[in-house]
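Containing PDB, C-alpha atoms: query-v4.pdb.
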ATOM      1  CA  MET A   1       4.759  -0.775  -7.030
ATOM      2  CA  ARG A   2       3.541  -0.924  -3.437
ATOM      3  CA  PRO A   3       2.715   2.836  -3.136
ATOM      4  CA  ILE A   4       0.660   2.714  -6.338
ATOM      5  CA  THR A   5      -1.263  -0.317  -5.073
ATOM      6  CA  THR A   6      -1.865   1.382  -1.729
ATOM      7  CA  LEU A   7      -3.132   4.493  -3.512
ATOM      8  CA  ALA A   8      -5.373   2.518  -5.897
ATOM      9  CA  ARG A   9      -7.070   0.345  -3.254
ATOM     10  CA  PRO A  10      -9.408   3.077  -1.912
ATOM     11  CA  PHE A  11     -10.522   3.970  -5.445
ATOM     12  CA  VAL A  12     -11.505   0.375  -6.180
ATOM     13  CA  ALA A  13     -13.024  -0.238  -2.736
ATOM     14  CA  ALA A  14     -15.117   2.963  -2.496
ATOM     15  CA  PRO A  15     -17.855   1.987  -5.001
ATOM     16  CA  TYR A  16     -18.333  -1.389  -3.316
ATOM     17  CA  ILE A  17     -18.562   0.145   0.149
ATOM     18  CA  ILE A  18     -21.013   2.856  -0.963
ATOM     19  CA  ILE A  19     -23.203   0.458  -2.960
ATOM     20  CA  GLY A  20     -23.135  -2.021  -0.064
ATOM     21  CA  LEU A  21     -24.283   0.649   2.402
ATOM     22  CA  GLU A  22     -27.029   1.902   0.071
ATOM     23  CA  THR A  23     -28.253  -1.632  -0.601
ATOM     24  CA  LEU A  24     -28.375  -2.495   3.100
ATOM     25  CA  ARG A  25     -30.301   0.683   3.908
ATOM     26  CA  ASP A  26     -32.832   0.383   1.096
ATOM     27  CA  PRO A  27     -32.754  -2.884  -0.899
ATOM     28  CA  GLY A  28     -36.206  -2.324  -2.454
ATOM     29  CA  PRO A  29     -35.348  -0.483  -5.708
ATOM     30  CA  ARG A  30     -32.513  -2.809  -6.587
ATOM     31  CA  ALA A  31     -34.575  -5.890  -5.676
ATOM     32  CA  GLU A  32     -37.348  -4.727  -8.031
ATOM     33  CA  GLN A  33     -34.799  -4.210 -10.795
ATOM     34  CA  VAL A  34     -33.199  -7.648 -10.512
ATOM     35  CA  ALA A  35     -36.246  -9.673  -9.388
ATOM     36  CA  PRO A  36     -37.349 -10.801 -12.895
ATOM     37  CA  THR A  37     -33.930 -12.317 -13.544
ATOM     38  CA  VAL A  38     -32.989 -13.461 -10.027
ATOM     39  CA  LYS A  39     -36.274 -15.181  -9.119
ATOM     40  CA  PRO A  40     -36.101 -17.963 -11.781
ATOM     41  CA  ILE A  41     -32.401 -18.547 -11.045
ATOM     42  CA  ALA A  42     -32.953 -18.642  -7.265
ATOM     43  CA  ASP A  43     -35.809 -21.148  -7.661
ATOM     44  CA  ARG A  44     -33.399 -23.636  -9.265
ATOM     45  CA  PHE A  45     -31.037 -23.716  -6.262
ATOM     46  CA  ASP A  46     -32.428 -25.559  -3.242
ATOM     47  CA  TRP A  47     -29.440 -24.754  -1.014
ATOM     48  CA  LEU A  48     -30.236 -21.010  -0.891
ATOM     49  CA  PRO A  49     -31.603 -20.039   2.549
ATOM     50  CA  THR A  50     -34.188 -17.735   0.958
ATOM     51  CA  LYS A  51     -35.670 -17.096  -2.466
ATOM     52  CA  ASP A  52     -36.755 -13.533  -1.652
ATOM     53  CA  PRO A  53     -34.984 -11.126  -4.070
ATOM     54  CA  GLU A  54     -34.853  -8.406  -1.409
ATOM     55  CA  ALA A  55     -33.053 -10.704   1.048
ATOM     56  CA  LEU A  56     -30.658 -11.837  -1.684
ATOM     57  CA  VAL A  57     -29.942  -8.208  -2.630
ATOM     58  CA  ARG A  58     -29.400  -7.365   1.034
ATOM     59  CA  PHE A  59     -26.970 -10.301   1.331
ATOM     60  CA  GLN A  60     -25.078  -9.079  -1.735
ATOM     61  CA  GLY A  61     -24.940  -5.588  -0.190
ATOM     62  CA  ALA A  62     -23.447  -6.978   3.039
ATOM     63  CA  LEU A  63     -20.929  -8.989   1.022
ATOM     64  CA  SER A  64     -20.077  -5.912  -1.035
ATOM     65  CA  LEU A  65     -19.580  -3.798   2.086
ATOM     66  CA  GLY A  66     -17.422  -6.435   3.808
ATOM     67  CA  THR A  67     -15.198  -7.188   0.827
ATOM     68  CA  GLY A  68     -14.852  -3.472   0.043
ATOM     69  CA  ALA A  69     -13.706  -2.817   3.611
ATOM     70  CA  LEU A  70     -11.237  -5.724   3.424
ATOM     71  CA  LEU A  71      -9.871  -4.419   0.127
ATOM     72  CA  LEU A  72      -9.549  -0.932   1.609
ATOM     73  CA  THR A  73      -7.467  -2.273   4.503
ATOM     74  CA  GLY A  74      -5.443  -4.573   2.243
ATOM     75  CA  ARG A  75      -6.350  -7.752   4.147
ATOM     76  CA  PHE A  76      -6.757 -11.089   2.303
ATOM     77  CA  ARG A  77      -6.087  -9.356  -1.021
ATOM     78  CA  ARG A  78      -6.409 -12.400  -3.284
ATOM     79  CA  LEU A  79      -9.592 -13.747  -1.651
ATOM     80  CA  THR A  80     -11.133 -10.274  -1.478
ATOM     81  CA  THR A  81     -10.579  -9.461  -5.142
ATOM     82  CA  PHE A  82     -11.886 -12.892  -6.154
ATOM     83  CA  LEU A  83     -15.078 -12.333  -4.099
ATOM     84  CA  LEU A  84     -15.513  -8.849  -5.570
ATOM     85  CA  ALA A  85     -15.202 -10.293  -9.067
ATOM     86  CA  ALA A  86     -17.616 -13.124  -8.231
ATOM     87  CA  GLN A  87     -20.279 -10.765  -6.958
ATOM     88  CA  LEU A  88     -20.052  -8.739 -10.165
ATOM     89  CA  VAL A  89     -21.340 -11.737 -12.131
ATOM     90  CA  PRO A  90     -24.986 -11.318 -11.020
ATOM     91  CA  SER A  91     -24.725  -7.587 -11.754
ATOM     92  CA  LEU A  92     -23.405  -8.288 -15.235
ATOM     93  CA  LEU A  93     -26.230 -10.753 -15.859
ATOM     94  CA  THR A  94     -29.150  -8.823 -14.343
ATOM     95  CA  GLU A  95     -28.382  -5.103 -14.476
ATOM     96  CA  HIS A  96     -27.700  -2.749 -17.385
ATOM     97  CA  ARG A  97     -29.639  -4.798 -19.936
ATOM     98  CA  TYR A  98     -29.159  -2.196 -22.647
ATOM     99  CA  TRP A  99     -30.676  -4.355 -25.390
ATOM    100  CA  THR A 100     -34.117  -4.048 -23.742
ATOM    101  CA  GLU A 101     -34.039  -0.222 -23.811
ATOM    102  CA  ASP A 102     -35.884   1.685 -26.569
ATOM    103  CA  ASP A 103     -34.497   5.160 -25.824
ATOM    104  CA  PRO A 104     -31.096   5.608 -27.600
ATOM    105  CA  GLU A 105     -29.647   7.746 -24.787
ATOM    106  CA  ARG A 106     -30.714   5.297 -22.104
ATOM    107  CA  ARG A 107     -29.420   2.403 -24.207
ATOM    108  CA  ALA A 108     -26.010   4.099 -24.609
ATOM    109  CA  SER A 109     -25.865   4.834 -20.873
ATOM    110  CA  GLU A 110     -26.732   1.244 -19.898
ATOM    111  CA  ARG A 111     -24.198  -0.140 -22.423
ATOM    112  CA  SER A 112     -21.521   2.170 -20.977
ATOM    113  CA  HIS A 113     -22.292   0.958 -17.438
ATOM    114  CA  LEU A 114     -22.205  -2.672 -18.571
ATOM    115  CA  LEU A 115     -18.824  -2.201 -20.252
ATOM    116  CA  LYS A 116     -17.417  -0.451 -17.164
ATOM    117  CA  ASN A 117     -18.574  -3.328 -14.963
ATOM    118  CA  ALA A 118     -17.112  -5.849 -17.411
ATOM    119  CA  GLY A 119     -13.793  -3.963 -17.381
ATOM    120  CA  LEU A 120     -13.785  -3.884 -13.584
ATOM    121  CA  PHE A 121     -14.606  -7.607 -13.539
ATOM    122  CA  GLY A 122     -11.615  -8.320 -15.786
ATOM    123  CA  ALA A 123      -9.294  -6.129 -13.714
ATOM    124  CA  LEU A 124     -10.373  -7.850 -10.490
ATOM    125  CA  LEU A 125      -9.792 -11.268 -12.046
ATOM    126  CA  MET A 126      -6.319 -10.183 -13.153
ATOM    127  CA  VAL A 127      -5.472  -9.011  -9.631
ATOM    128  CA  ALA A 128      -6.952 -12.158  -8.052
ATOM    129  CA  THR A 129      -4.929 -14.485 -10.281
ATOM    130  CA  GLU A 130      -1.613 -12.620 -10.441
ATOM    131  CA  PRO A 131       1.412 -14.299  -8.850
ATOM    132  CA  ARG A 132       1.941 -13.603  -5.175
ATOM    133  CA  ARG A 133       5.334 -12.029  -5.780
ATOM    134  CA  GLY A 134       6.350 -10.055  -8.805
ATOM    135  CA  PRO A 135       9.287 -11.036 -11.007
ATOM    136  CA  ARG A 136      11.534  -8.499  -9.253
ATOM    137  CA  ALA A 137      10.762 -10.032  -5.861
ATOM    138  CA  ALA A 138      11.465 -13.516  -7.245
ATOM    139  CA  GLN A 139      14.786 -12.308  -8.642
ATOM    140  CA  LEU A 140      15.740 -10.717  -5.317
ATOM    141  CA  ARG A 141      14.746 -13.905  -3.479
ATOM    142  CA  ARG A 142      16.890 -15.974  -5.880
ATOM    143  CA  GLN A 143      19.863 -13.634  -5.417
ATOM    144  CA  ALA A 144      19.507 -13.802  -1.627
ATOM    145  CA  HIS A 145      19.396 -17.622  -1.810
ATOM    146  CA  GLU A 146      22.530 -17.713  -3.971
ATOM    147  CA  ALA A 147      24.279 -15.281  -1.615
ATOM    148  CA  ARG A 148      23.401 -17.533   1.360
ATOM    149  CA  ILE A 149      24.803 -20.582  -0.468
ATOM    150  CA  GLN A 150      27.979 -18.707  -1.392
ATOM    151  CA  ALA A 151      28.396 -17.380   2.162
ATOM    152  CA  ALA A 152      27.936 -20.905   3.556
ATOM    153  CA  ALA A 153      30.573 -22.277   1.151
ATOM    154  CA  GLU A 154      32.993 -19.470   2.046
ATOM    155  CA  ALA A 155      32.407 -20.047   5.756
ATOM    156  CA  LYS A 156      33.053 -23.774   5.321
ATOM    157  CA  ALA A 157      36.300 -23.096   3.431
ATOM    158  CA  LEU A 158      37.332 -20.570   6.082
ATOM    159  CA  ARG A 159      36.636 -23.099   8.853
ATOM    160  CA  LYS A 160      38.769 -25.703   7.052
ATOM    161  CA  GLN A 161      41.574 -23.206   6.534
ATOM    162  CA  THR A 162      41.412 -22.094  10.182
ATOM    163  CA  ALA A 163      41.442 -25.719  11.390
ATOM    164  CA  ALA A 164      44.484 -26.459   9.217
ATOM    165  CA  GLU A 165      46.273 -23.356  10.502
ATOM    166  CA  ILE A 166      45.499 -24.343  14.105
ATOM    167  CA  ARG A 167      46.835 -27.857  13.477
ATOM    168  CA  ASN A 168      49.993 -26.455  11.910
ATOM    169  CA  ALA A 169      50.417 -23.991  14.782
ATOM    170  CA  ARG A 170      50.064 -26.809  17.325
ATOM    171  CA  ARG A 171      52.601 -28.935  15.483
ATOM    172  CA  GLU A 172      54.997 -25.999  15.310
ATOM    173  CA  ALA A 173      54.526 -25.266  19.015
ATOM    174  CA  ALA A 174      55.099 -28.927  19.907
ATOM    175  CA  ARG A 175      58.249 -28.989  17.763
ATOM    176  CA  ARG A 176      59.590 -25.876  19.463
ATOM    177  CA  VAL A 177      58.816 -27.307  22.898
ATOM    178  CA  ARG A 178      60.737 -30.466  22.002
ATOM    179  CA  GLN A 179      63.654 -28.393  20.724
ATOM    180  CA  ALA A 180      63.662 -26.293  23.876
ATOM    181  CA  ARG A 181      63.682 -29.405  26.066
ATOM    182  CA  ARG A 182      66.563 -30.858  24.094
ATOM    183  CA  ARG A 183      68.542 -27.634  24.460
ATOM    184  CA  ARG A 184      67.933 -27.601  28.212
ATOM    185  CA  THR A 185      68.930 -31.219  28.675
ATOM    186  CA  ARG A 186      72.205 -30.956  26.680
ATOM    187  CA  PRO A 187      74.009 -28.640  29.146
ATOM    188  CA  ALA A 188      72.795 -30.727  32.055
ATOM    189  CA  ARG A 189      74.115 -33.887  30.417
ATOM    190  CA  ARG A 190      77.443 -32.227  29.708
ATOM    191  CA  ALA A 191      77.728 -31.076  33.322
ATOM    192  CA  ALA A 192      76.880 -34.546  34.590
ATOM    193  CA  PHE A 193      79.386 -36.052  32.216
ATOM    194  CA  ALA A 194      82.066 -33.602  33.384
ATOM    195  CA  LEU A 195      81.442 -34.488  37.047
ATOM    196  CA  LYS A 196      81.811 -38.152  36.345
ATOM    197  CA  ARG A 197      85.312 -37.528  34.991
TER     198      ARG A 197
END
What would you get if you wrote out this structure as structure tokens?
Amino acid sequence: MRPITTLARPFVAAPYIIIGLETLRDPGPRAEQVAPTVKPIADRFDWLPTKDPEALVRFQGALSLGTGALLLTGRFRRLTTFLLAAQLVPSLLTEHRYWTEDDPERRASERSHLLKNAGLFGALLMVATEPRRGPRAAQLRRQAHEARIQAAAEAKALRKQTAAEIRNARREAARRVRQARRRRTRPARRAAFALKR
């Protein structure tokens, strides 16, 4: 799965990088497009550093460029995809308002763009919330853990068996030493006994 993910990352990151660069270079057209919707929302939040739609669009462009570059490099994958999904929310709310269009072709085009953005939003949320390791990785991790436990148990049994064999070998060696000493002392005792006679 890793090669497919590596191949797919540039395709997902490219639109964000390109849109981020275009927005940073010339935020005017996009700011005019989203100003009617963004201005009332921005006025409600006091914590925003600026209420200017052009500055907010420029900030979104910088965020888009940064998160697209992070996604391209594969760094902070979960955080990056979550930020990309979060910054799609204003786009979904303010752009591609197909219901306001009178021209049927333009309406169909805007609806298509809205559905594509919604699909991308859903895909990014799925990637951001997927488990860190896939089921195969979890299974391999479990098997490795069980193998470590089994190896530890086998090593413990082997150590016990080796210790018992060493003890038995020492006892056998001590017994043989005692037997050898007895054999050596018997002829000497016999000779001493013979001399006494």
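Residues in contact with Arg25 in chain A at up to 9 Å, not including ones fewer than 4 positions away on its chain and judged by all atoms listed in the file, are Gly20, Leu21 and Arg58 of chain A.
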Those residues with C-alpha atoms, as an mmCIF file, in the coordinates of the input please?
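Wrote selection.cif, looks like this:
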data_model
loop_
_atom_site.group_PDB
_atom_site.id
_atom_site.type_symbol
_atom_site.label_atom_id
_atom_site.label_comp_id
_atom_site.auth_asym_id
_atom_site.auth_seq_id
_atom_site.Cartn_x
_atom_site.Cartn_y
_atom_site.Cartn_z
ATOM 1 C CA GLY A 20 -23.135 -2.021 -0.064
ATOM 2 C CA LEU A 21 -24.283 0.649 2.402
ATOM 3 C CA ARG A 58 -29.400 -7.365 1.034
#
Around all the atoms of range 104-113 of chain A listed in the file, with 8 Å of room on each side, what axis-aligned box do you get, giving centre and edge lengths in Å to one decimal, as AutoDock Vina command-line options?
--center_x -26.3 --center_y 3.8 --center_z -22.5 --size_x 25.6 --size_y 23.9 --size_z 26.2
Quick one: distance from CA of Gln60 in chain A to CA of Thr129 in chain A in Å, one decimal? 22.5 Å
Using the chain letters and numbers from the file, which residues does the PyMOL selection byres ((chain A and resi 73) around 12) grab, as JSON, numbers by chain? {"A": [5, 6, 7, 8, 9, 10, 12, 13, 14, 66, 67, 68, 69, 70, 71, 72, 74, 75, 76, 77, 80]}
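For the pair CA of Ala123 in chain A and CA of Pro90 in chain A, the interatomic distance is 16.7 Å.
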Taking 2 positions as the minimum chain separation for residues in the same chain, which residues sit within 10 Å of Leu83 in chain A when counting only C-alpha atoms? Answer as a PDB file with C-alpha atoms, in the frame of the given file.
ATOM      1  CA  LEU A  63     -20.929  -8.989   1.022  1.00  0.00           C
ATOM      2  CA  SER A  64     -20.077  -5.912  -1.035  1.00  0.00           C
ATOM      3  CA  THR A  67     -15.198  -7.188   0.827  1.00  0.00           C
ATOM      4  CA  GLY A  68     -14.852  -3.472   0.043  1.00  0.00           C
ATOM      5  CA  ARG A  77      -6.087  -9.356  -1.021  1.00  0.00           C
ATOM      6  CA  ARG A  78      -6.409 -12.400  -3.284  1.00  0.00           C
ATOM      7  CA  LEU A  79      -9.592 -13.747  -1.651  1.00  0.00           C
ATOM      8  CA  THR A  80     -11.133 -10.274  -1.478  1.00  0.00           C
ATOM      9  CA  THR A  81     -10.579  -9.461  -5.142  1.00  0.00           C
ATOM     10  CA  ALA A  85     -15.202 -10.293  -9.067  1.00  0.00           C
ATOM     11  CA  ALA A  86     -17.616 -13.124  -8.231  1.00  0.00           C
ATOM     12  CA  GLN A  87     -20.279 -10.765  -6.958  1.00  0.00           C
ATOM     13  CA  LEU A  88     -20.052  -8.739 -10.165  1.00  0.00           C
ATOM     14  CA  LEU A 124     -10.373  -7.850 -10.490  1.00  0.00           C
ATOM     15  CA  LEU A 125      -9.792 -11.268 -12.046  1.00  0.00           C
ATOM     16  CA  ALA A 128      -6.952 -12.158  -8.052  1.00  0.00           C
TER      17      ALA A 128
END
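Neighbouring residues of Trp99 in chain A at 10 Å or closer, counting all atoms listed in the file and skipping chain neighbours under 2 positions away, are His96, Arg97, Glu101, Asp102, Arg107, Ala108, Glu110 and Arg111 of chain A.
Shortest atom-to-atom contact with Pro15 in chain A among A:Leu65, A:Gln161, A:Gly122, A:Ala147: A:Leu65, counting all atoms listed in the file.
Polymer residues near (-32.4, -15.4, -9.7): counting all atoms listed in the file with a cut-off of 10 Å, they are Val34, Ala35, Pro36, Thr37, Val38, Lys39, Pro40, Ile41, Ala42, Asp43, Arg44, Phe45, Lys51, Asp52, Pro53, Leu56, Pro90, Leu93 and Thr94 of chain A.
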Would you write out those residues with C-alpha atoms, as a CSV table (one decimal), in the coordinates of the input?
chain,number,residue,atom,x,y,z
A,34,VAL,CA,-33.2,-7.6,-10.5
A,35,ALA,CA,-36.2,-9.7,-9.4
A,36,PRO,CA,-37.3,-10.8,-12.9
A,37,THR,CA,-33.9,-12.3,-13.5
A,38,VAL,CA,-33.0,-13.5,-10.0
A,39,LYS,CA,-36.3,-15.2,-9.1
A,40,PRO,CA,-36.1,-18.0,-11.8
A,41,ILE,CA,-32.4,-18.5,-11.0
A,42,ALA,CA,-33.0,-18.6,-7.3
A,43,ASP,CA,-35.8,-21.1,-7.7
A,44,ARG,CA,-33.4,-23.6,-9.3
A,45,PHE,CA,-31.0,-23.7,-6.3
A,51,LYS,CA,-35.7,-17.1,-2.5
A,52,ASP,CA,-36.8,-13.5,-1.7
A,53,PRO,CA,-35.0,-11.1,-4.1
A,56,LEU,CA,-30.7,-11.8,-1.7
A,90,PRO,CA,-25.0,-11.3,-11.0
A,93,LEU,CA,-26.2,-10.8,-15.9
A,94,THR,CA,-29.2,-8.8,-14.3
Coordinates-based distance that separates CA of Gly119 in chain A from CA of Ser91 in chain A (Å, one decimal): 12.8 Å
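In this comparison, which uses only C-alpha atoms, the residue of A:Glu154, A:Thr162, A:Leu84, A:Ala173 approaching Val127 in chain A most closely is A:Leu84.
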Output of range 121-160 of chain A limited to N, CA and C atoms, as a PDB file, in the first residue's frame:
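Output (part.pdb):
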ATOM      1  N   PHE A 121     -13.196  16.615   0.169  1.00  0.00           N
ATOM      2  CA  PHE A 121     -13.329  16.846   1.609  1.00  0.00           C
ATOM      3  C   PHE A 121     -13.547  15.520   2.342  1.00  0.00           C
ATOM      4  N   GLY A 122     -14.448  14.694   1.816  1.00  0.00           N
ATOM      5  CA  GLY A 122     -14.709  13.394   2.435  1.00  0.00           C
ATOM      6  C   GLY A 122     -13.493  12.481   2.400  1.00  0.00           C
ATOM      7  N   ALA A 123     -12.783  12.476   1.281  1.00  0.00           N
ATOM      8  CA  ALA A 123     -11.582  11.631   1.171  1.00  0.00           C
ATOM      9  C   ALA A 123     -10.513  12.081   2.155  1.00  0.00           C
ATOM     10  N   LEU A 124     -10.331  13.396   2.296  1.00  0.00           N
ATOM     11  CA  LEU A 124      -9.334  13.906   3.243  1.00  0.00           C
ATOM     12  C   LEU A 124      -9.720  13.562   4.676  1.00  0.00           C
ATOM     13  N   LEU A 125     -10.996  13.648   4.994  1.00  0.00           N
ATOM     14  CA  LEU A 125     -11.436  13.265   6.343  1.00  0.00           C
ATOM     15  C   LEU A 125     -11.196  11.787   6.600  1.00  0.00           C
ATOM     16  N   MET A 126     -11.434  10.955   5.589  1.00  0.00           N
ATOM     17  CA  MET A 126     -11.184   9.517   5.750  1.00  0.00           C
ATOM     18  C   MET A 126      -9.706   9.252   6.015  1.00  0.00           C
ATOM     19  N   VAL A 127      -8.833   9.929   5.271  1.00  0.00           N
ATOM     20  CA  VAL A 127      -7.393   9.733   5.464  1.00  0.00           C
ATOM     21  C   VAL A 127      -6.957  10.264   6.828  1.00  0.00           C
ATOM     22  N   ALA A 128      -7.528  11.415   7.239  1.00  0.00           N
ATOM     23  CA  ALA A 128      -7.130  12.017   8.515  1.00  0.00           C
ATOM     24  C   ALA A 128      -7.563  11.182   9.705  1.00  0.00           C
ATOM     25  N   THR A 129      -8.652  10.430   9.568  1.00  0.00           N
ATOM     26  CA  THR A 129      -9.170   9.674  10.711  1.00  0.00           C
ATOM     27  C   THR A 129      -8.898   8.184  10.629  1.00  0.00           C
ATOM     28  N   GLU A 130      -8.181   7.724   9.612  1.00  0.00           N
ATOM     29  CA  GLU A 130      -7.897   6.288   9.520  1.00  0.00           C
ATOM     30  C   GLU A 130      -6.887   5.889  10.588  1.00  0.00           C
ATOM     31  N   PRO A 131      -6.906   4.623  10.994  1.00  0.00           N
ATOM     32  CA  PRO A 131      -5.953   4.176  12.022  1.00  0.00           C
ATOM     33  C   PRO A 131      -4.516   4.366  11.544  1.00  0.00           C
ATOM     34  N   ARG A 132      -3.629   4.556  12.508  1.00  0.00           N
ATOM     35  CA  ARG A 132      -2.229   4.798  12.163  1.00  0.00           C
ATOM     36  C   ARG A 132      -1.618   3.624  11.424  1.00  0.00           C
ATOM     37  N   ARG A 133      -1.947   2.418  11.852  1.00  0.00           N
ATOM     38  CA  ARG A 133      -1.417   1.230  11.181  1.00  0.00           C
ATOM     39  C   ARG A 133      -2.580   0.424  10.648  1.00  0.00           C
ATOM     40  N   GLY A 134      -2.393  -0.134   9.498  1.00  0.00           N
ATOM     41  CA  GLY A 134      -3.438  -0.950   8.893  1.00  0.00           C
ATOM     42  C   GLY A 134      -3.595  -2.271   9.628  1.00  0.00           C
ATOM     43  N   PRO A 135      -4.638  -3.024   9.304  1.00  0.00           N
ATOM     44  CA  PRO A 135      -4.858  -4.305   9.974  1.00  0.00           C
ATOM     45  C   PRO A 135      -3.716  -5.289   9.744  1.00  0.00           C
ATOM     46  N   ARG A 136      -3.087  -5.243   8.575  1.00  0.00           N
ATOM     47  CA  ARG A 136      -1.963  -6.144   8.301  1.00  0.00           C
ATOM     48  C   ARG A 136      -0.787  -5.808   9.207  1.00  0.00           C
ATOM     49  N   ALA A 137      -0.523  -4.521   9.400  1.00  0.00           N
ATOM     50  CA  ALA A 137       0.576  -4.125  10.283  1.00  0.00           C
ATOM     51  C   ALA A 137       0.283  -4.536  11.722  1.00  0.00           C
ATOM     52  N   ALA A 138      -0.979  -4.402  12.149  1.00  0.00           N
ATOM     53  CA  ALA A 138      -1.347  -4.816  13.504  1.00  0.00           C
ATOM     54  C   ALA A 138      -1.171  -6.320  13.669  1.00  0.00           C
ATOM     55  N   GLN A 139      -1.541  -7.075  12.648  1.00  0.00           N
ATOM     56  CA  GLN A 139      -1.377  -8.531  12.707  1.00  0.00           C
ATOM     57  C   GLN A 139       0.099  -8.907  12.771  1.00  0.00           C
ATOM     58  N   LEU A 140       0.924  -8.259  11.966  1.00  0.00           N
ATOM     59  CA  LEU A 140       2.363  -8.530  12.001  1.00  0.00           C
ATOM     60  C   LEU A 140       2.963  -8.157  13.359  1.00  0.00           C
ATOM     61  N   ARG A 141       2.509  -7.032  13.923  1.00  0.00           N
ATOM     62  CA  ARG A 141       2.998  -6.612  15.233  1.00  0.00           C
ATOM     63  C   ARG A 141       2.610  -7.631  16.300  1.00  0.00           C
ATOM     64  N   ARG A 142       1.361  -8.147  16.222  1.00  0.00           N
ATOM     65  CA  ARG A 142       0.897  -9.156  17.171  1.00  0.00           C
ATOM     66  C   ARG A 142       1.706 -10.440  17.040  1.00  0.00           C
ATOM     67  N   GLN A 143       1.974 -10.866  15.805  1.00  0.00           N
ATOM     68  CA  GLN A 143       2.763 -12.074  15.579  1.00  0.00           C
ATOM     69  C   GLN A 143       4.186 -11.906  16.104  1.00  0.00           C
ATOM     70  N   ALA A 144       4.768 -10.732  15.896  1.00  0.00           N
ATOM     71  CA  ALA A 144       6.124 -10.481  16.403  1.00  0.00           C
ATOM     72  C   ALA A 144       6.133 -10.513  17.929  1.00  0.00           C
ATOM     73  N   HIS A 145       5.081  -9.957  18.558  1.00  0.00           N
ATOM     74  CA  HIS A 145       4.992  -9.975  20.023  1.00  0.00           C
ATOM     75  C   HIS A 145       4.875 -11.406  20.536  1.00  0.00           C
ATOM     76  N   GLU A 146       4.027 -12.206  19.890  1.00  0.00           N
ATOM     77  CA  GLU A 146       3.884 -13.608  20.293  1.00  0.00           C
ATOM     78  C   GLU A 146       5.177 -14.382  20.084  1.00  0.00           C
ATOM     79  N   ALA A 147       5.885 -14.093  18.994  1.00  0.00           N
ATOM     80  CA  ALA A 147       7.165 -14.770  18.742  1.00  0.00           C
ATOM     81  C   ALA A 147       8.186 -14.398  19.811  1.00  0.00           C
ATOM     82  N   ARG A 148       8.189 -13.110  20.245  1.00  0.00           N
ATOM     83  CA  ARG A 148       9.113 -12.702  21.316  1.00  0.00           C
ATOM     84  C   ARG A 148       8.792 -13.420  22.620  1.00  0.00           C
ATOM     85  N   ILE A 149       7.495 -13.546  22.933  1.00  0.00           N
ATOM     86  CA  ILE A 149       7.088 -14.246  24.166  1.00  0.00           C
ATOM     87  C   ILE A 149       7.493 -15.712  24.098  1.00  0.00           C
ATOM     88  N   GLN A 150       7.250 -16.340  22.946  1.00  0.00           N
ATOM     89  CA  GLN A 150       7.616 -17.751  22.791  1.00  0.00           C
ATOM     90  C   GLN A 150       9.128 -17.937  22.867  1.00  0.00           C
ATOM     91  N   ALA A 151       9.881 -17.043  22.235  1.00  0.00           N
ATOM     92  CA  ALA A 151      11.348 -17.140  22.280  1.00  0.00           C
ATOM     93  C   ALA A 151      11.854 -16.960  23.704  1.00  0.00           C
ATOM     94  N   ALA A 152      11.232 -16.038  24.460  1.00  0.00           N
ATOM     95  CA  ALA A 152      11.645 -15.826  25.854  1.00  0.00           C
ATOM     96  C   ALA A 152      11.355 -17.072  26.693  1.00  0.00           C
ATOM     97  N   ALA A 153      10.188 -17.701  26.465  1.00  0.00           N
ATOM     98  CA  ALA A 153       9.854 -18.918  27.214  1.00  0.00           C
ATOM     99  C   ALA A 153      10.811 -20.050  26.859  1.00  0.00           C
ATOM    100  N   GLU A 154      11.126 -20.194  25.561  1.00  0.00           N
ATOM    101  CA  GLU A 154      12.071 -21.233  25.149  1.00  0.00           C
ATOM    102  C   GLU A 154      13.462 -20.976  25.722  1.00  0.00           C
ATOM    103  N   ALA A 155      13.874 -19.728  25.748  1.00  0.00           N
ATOM    104  CA  ALA A 155      15.192 -19.401  26.309  1.00  0.00           C
ATOM    105  C   ALA A 155      15.233 -19.704  27.801  1.00  0.00           C
ATOM    106  N   LYS A 156      14.125 -19.406  28.502  1.00  0.00           N
ATOM    107  CA  LYS A 156      14.070 -19.698  29.935  1.00  0.00           C
ATOM    108  C   LYS A 156      14.143 -21.200  30.183  1.00  0.00           C
ATOM    109  N   ALA A 157      13.396 -21.981  29.397  1.00  0.00           N
ATOM    110  CA  ALA A 157      13.433 -23.441  29.539  1.00  0.00           C
ATOM    111  C   ALA A 157      14.818 -23.979  29.211  1.00  0.00           C
ATOM    112  N   LEU A 158      15.450 -23.417  28.191  1.00  0.00           N
ATOM    113  CA  LEU A 158      16.801 -23.847  27.818  1.00  0.00           C
ATOM    114  C   LEU A 158      17.804 -23.523  28.914  1.00  0.00           C
ATOM    115  N   ARG A 159      17.646 -22.338  29.539  1.00  0.00           N
ATOM    116  CA  ARG A 159      18.546 -21.983  30.653  1.00  0.00           C
ATOM    117  C   ARG A 159      18.378 -22.945  31.821  1.00  0.00           C
ATOM    118  N   LYS A 160      17.110 -23.297  32.128  1.00  0.00           N
ATOM    119  CA  LYS A 160      16.868 -24.256  33.219  1.00  0.00           C
ATOM    120  C   LYS A 160      17.480 -25.608  32.895  1.00  0.00           C
TER     121      LYS A 160
END
